[in-house]
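*Asks:* Take this structure first; my questions come after.
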Amino acid sequence: MEGDILGNIREVINPEQVFFEEPMKNHTSFRVGGTADVLVKPTCITDIEAVIGWCEEQSIPYYIIGNGSNLLVGDNGIRGVVIQIGTDFSEIEVGEDNTIWVQAGCMLGKVANVALEHGLTGMEFASGIPGTIGGAVMMNAGAYGGEIKDIIECVTLLSPDGEVLILPQDQMEFGYRESIVSKKNYIVLEVKLRLEPGDVDSIASRMKELNAARREKQPLEFPSAGSTFKRPEGYFAGKLIMEAGLAGYRVGDAQVSEKHCGFVINRGNATAKEILTLMNDVVNRVEEQFKVTLEPEVRKIGEF
Ligand SMILES: Cc1cc2nc3c(=O)[nH]c(=O)nc-3n(C[C@H](O)[C@H](O)[C@H](O)COP(=O)(O)OP(=O)(O)OC[C@H]3O[C@@H](n4cnc5c(N)ncnc54)[C@H](O)[C@@H]3O)c2cc1C
């Protein structure tokens, strides 16, 4: 993309928050992906509004990412601007009424620890999910019987035409791994969580137990994006993949984890193309064998 035009982005956001030709493998848990023309790390809502306004004016495409833990970025990178709503935008405040207000870039583990410190229960299920609260709202992330939707009071959003709106939980259109955020191309800015008073020791031991279960069952020693496929109704993706004989199936350095067949892992130097080929092979084999169509949970962005 035209370097001179992109260089002007430094006029709308602090140049220290702007990175050119940024390797996306440094920003994704898969450790895969070519370079983004520009990556910006906003520190406030004004930054986010300014960058989006500028991109719209210049007709430059932009993409929102959080911690990159549910993303597959193409080997040829991303043309345009990546807006990383991450730890630079992650303030957190505990209210007096069992609520926590948090900016979208805060990591779920941090929010869970703050809830624990304040004796608030409800967040334990999410403490080991390696994403931001913004990404979790967008995806309605869930684990161990809990979903983000269960603890949301309201969400502050930015619409593509620059309007800031606050939606209560029941207007967020939460479904399985989806919400109004993706349907309307909103950006999550802030989240207000409603938790319950609880016993600090019980909260701590539940978090410990769930995180131990993750370490035991999931291939956390390898880069991945968590569960690669959504759970098809009435089945478990990992079980179908295992029963199709695909445990350990490999394309280059991309592999179906032998520890948990629902995870595709990067054995070291996997490319996005290898991961995608492997995912397609898995979908085809499961479809042939069980007549069940697996849908990716991982989101693809960029040029493949
Ligand atoms: C080891 C491992 C375990 C995992 N376990 C689980 C699990 O148990 N349950 C589960 O649900 N997921 C799990 N995941 C997947 C992932 O962590 C979640 O989907 C998480 O919510 C993604 O958050 P993120 O900040 O990393 O988002 P990203 O991966 O950066 O982005 C995901 C999507 O959200 C959008 N997005 C991100 N931030 C915002 C924002 N502020 N506003 C609007 N859109 C935004 C992006 O555009 C993208 O479409 C796991 C991943 C890994 C690597």
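Each chain in the structure tokens gets a letter, A, B, ..., in the order shown, and its residues are numbered from 1; ligands are numbered from 1 in order too.
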Could you list, as a ChimeraX atom specification, all the residues within 7 Å of ligand 1, counting only C-alpha atoms and all ligand atoms?

*Replies:* /A:29,63-71,85,104-105,129-143,177,181-182,186-189,220,224-227,299

*Asks:* Residues within 7 Å of Gly302 of chain A, please, as an MDAnalysis selection string. Count only C-alpha atoms; anything in the same chain fewer than 4 positions from it doesn't count.

*Replies:* chainID A and resid 73:74 77:78

*Asks:* Would you mind reading off the distance between atom CA of Gly268 of chain A and atom CA of Asp253 of chain A, one decimal, in Å?

*Replies:*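 A separation of 6.2 Å between them.
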
*Asks:* Segment 54-249 of chain A: which residues are helix (DSSP H, G or I) by DSSP, as a ChimeraX atom specification?

*Replies:* /A:54-58,87-89,108-117,124-126,133-139,148-151,169-171,180-184,200-217,237-243

*Asks:* As a VMD selection string, please: every residue in segment 13-160 of chain A that a backbone DSSP assignment puts in strand (DSSP E).

*Replies:* chain A and resid 18 to 23 35 to 40 62 to 65 71 to 73 78 to 84 92 to 94 99 to 103 120 to 121 142 to 143 146 to 147 152 to 158

*Asks:* Go ahead and dump the residues you just picked, C-alpha atoms, as a PDB file, in the first residue's frame.

*Replies:*
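And here is the file that came out, result34.pdb:
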ATOM      1  CA  VAL A  18       2.413   3.409  15.270  1.00  0.00           C
ATOM      2  CA  PHE A  19       4.382   0.474  13.797  1.00  0.00           C
ATOM      3  CA  PHE A  20       5.077  -0.005  10.085  1.00  0.00           C
ATOM      4  CA  GLU A  21       5.583  -3.393   8.369  1.00  0.00           C
ATOM      5  CA  GLU A  22       4.788  -5.102  11.641  1.00  0.00           C
ATOM      6  CA  PRO A  23       5.117  -8.929  11.651  1.00  0.00           C
ATOM      7  CA  THR A  35       3.409  -8.156   8.010  1.00  0.00           C
ATOM      8  CA  ALA A  36       0.689  -5.575   8.495  1.00  0.00           C
ATOM      9  CA  ASP A  37       1.299  -2.348   6.546  1.00  0.00           C
ATOM     10  CA  VAL A  38       0.609  -0.478   9.777  1.00  0.00           C
ATOM     11  CA  LEU A  39      -0.264  -1.554  13.303  1.00  0.00           C
ATOM     12  CA  VAL A  40      -1.453   1.006  15.842  1.00  0.00           C
ATOM     13  CA  TYR A  62      -8.741  -1.331   8.949  1.00  0.00           C
ATOM     14  CA  TYR A  63      -9.016  -4.386  11.189  1.00  0.00           C
ATOM     15  CA  ILE A  64      -9.503  -4.660  14.918  1.00  0.00           C
ATOM     16  CA  ILE A  65      -7.563  -7.211  16.895  1.00  0.00           C
ATOM     17  CA  LEU A  71      -6.796 -15.345  14.586  1.00  0.00           C
ATOM     18  CA  LEU A  72      -5.144 -16.860  11.540  1.00  0.00           C
ATOM     19  CA  VAL A  73      -3.333 -14.100   9.628  1.00  0.00           C
ATOM     20  CA  ILE A  78      -2.518  -7.334   5.960  1.00  0.00           C
ATOM     21  CA  ARG A  79      -2.966  -4.352   3.659  1.00  0.00           C
ATOM     22  CA  GLY A  80      -4.134  -1.347   5.596  1.00  0.00           C
ATOM     23  CA  VAL A  81      -4.217  -0.605   9.293  1.00  0.00           C
ATOM     24  CA  VAL A  82      -4.464  -3.070  12.168  1.00  0.00           C
ATOM     25  CA  ILE A  83      -5.861  -1.467  15.328  1.00  0.00           C
ATOM     26  CA  GLN A  84      -4.714  -3.479  18.310  1.00  0.00           C
ATOM     27  CA  ILE A  92     -10.064  -1.437  35.209  1.00  0.00           C
ATOM     28  CA  GLU A  93     -12.230  -0.175  38.083  1.00  0.00           C
ATOM     29  CA  VAL A  94     -14.212  -2.106  40.642  1.00  0.00           C
ATOM     30  CA  THR A  99     -19.607  -4.538  39.118  1.00  0.00           C
ATOM     31  CA  ILE A 100     -16.300  -4.200  37.303  1.00  0.00           C
ATOM     32  CA  TRP A 101     -15.805  -1.601  34.584  1.00  0.00           C
ATOM     33  CA  VAL A 102     -13.014  -2.427  32.198  1.00  0.00           C
ATOM     34  CA  GLN A 103     -11.553  -1.104  28.959  1.00  0.00           C
ATOM     35  CA  LEU A 120     -16.325 -11.394  43.369  1.00  0.00           C
ATOM     36  CA  THR A 121     -17.387 -14.664  41.749  1.00  0.00           C
ATOM     37  CA  GLY A 142     -16.982 -19.545  26.875  1.00  0.00           C
ATOM     38  CA  ALA A 143     -15.510 -22.434  28.815  1.00  0.00           C
ATOM     39  CA  GLY A 146     -19.791 -20.353  31.471  1.00  0.00           C
ATOM     40  CA  GLU A 147     -20.059 -17.740  28.729  1.00  0.00           C
ATOM     41  CA  ILE A 152     -22.277  -8.737  31.147  1.00  0.00           C
ATOM     42  CA  GLU A 153     -24.224  -5.753  32.458  1.00  0.00           C
ATOM     43  CA  CYS A 154     -23.637  -3.498  29.432  1.00  0.00           C
ATOM     44  CA  VAL A 155     -21.112  -2.785  26.691  1.00  0.00           C
ATOM     45  CA  THR A 156     -19.903   0.529  25.250  1.00  0.00           C
ATOM     46  CA  LEU A 157     -19.484   0.239  21.486  1.00  0.00           C
ATOM     47  CA  LEU A 158     -18.267   2.357  18.603  1.00  0.00           C
TER      48      LEU A 158
END

*Asks:* Pick out the closest residue to Ala254 of chain A from this set: A:Asp281, A:Glu233, A:Asp88, A:Glu297. Count only C-alpha atoms.

*Replies:*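 That would be A:Asp281, the residue with the smallest distance to Ala254 of chain A.
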
*Asks:* Would you please work out which residue, of A:Val32, A:Val292, A:Ala270, A:Val12, is nearest to Asp47 of chain A when using only C-alpha atoms?

*Replies:*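 Smallest separation from Asp47 of chain A among the options: A:Val12.
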
*Asks:* At a cut-off of 8 Å, using only C-alpha atoms, what residues contact Gln218 of chain A? Leave out same-chain residues fewer than 2 positions from it and give the result as an MDAnalysis selection string.

*Replies:* chainID A and resid 214:216 220 259:260 263

*Asks:* Between A:Arg31, A:Gln58, A:Lys192, A:Ala272, which one has atoms that come closest to Asn8 of chain A, using only C-alpha atoms?

*Replies:*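 Using only C-alpha atoms, the shortest distance to Asn8 of chain A belongs to A:Gln58.
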
*Asks:* Need the shell around Phe174 of chain A: protein/DNA/RNA residues with any atom at most 7 Å away, counting only C-alpha atoms. Skip same-chain ones fewer than 3 positions apart. Format as a count of residues only?

*Replies:* 5

*Asks:* Take atom CA of Met123 of chain A and atom CA of Arg206 of chain A and report the distance between them in Å, one decimal.

*Replies:*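 Atom-to-atom, atom CA of Met123 of chain A and atom CA of Arg206 of chain A are spaced 10.2 Å apart.
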
*Asks:* What does the distance from atom CA of Ile275 of chain A to atom CA of His27 of chain A come to in Å, to one decimal?

*Replies:*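 It comes out at 17.0 Å.
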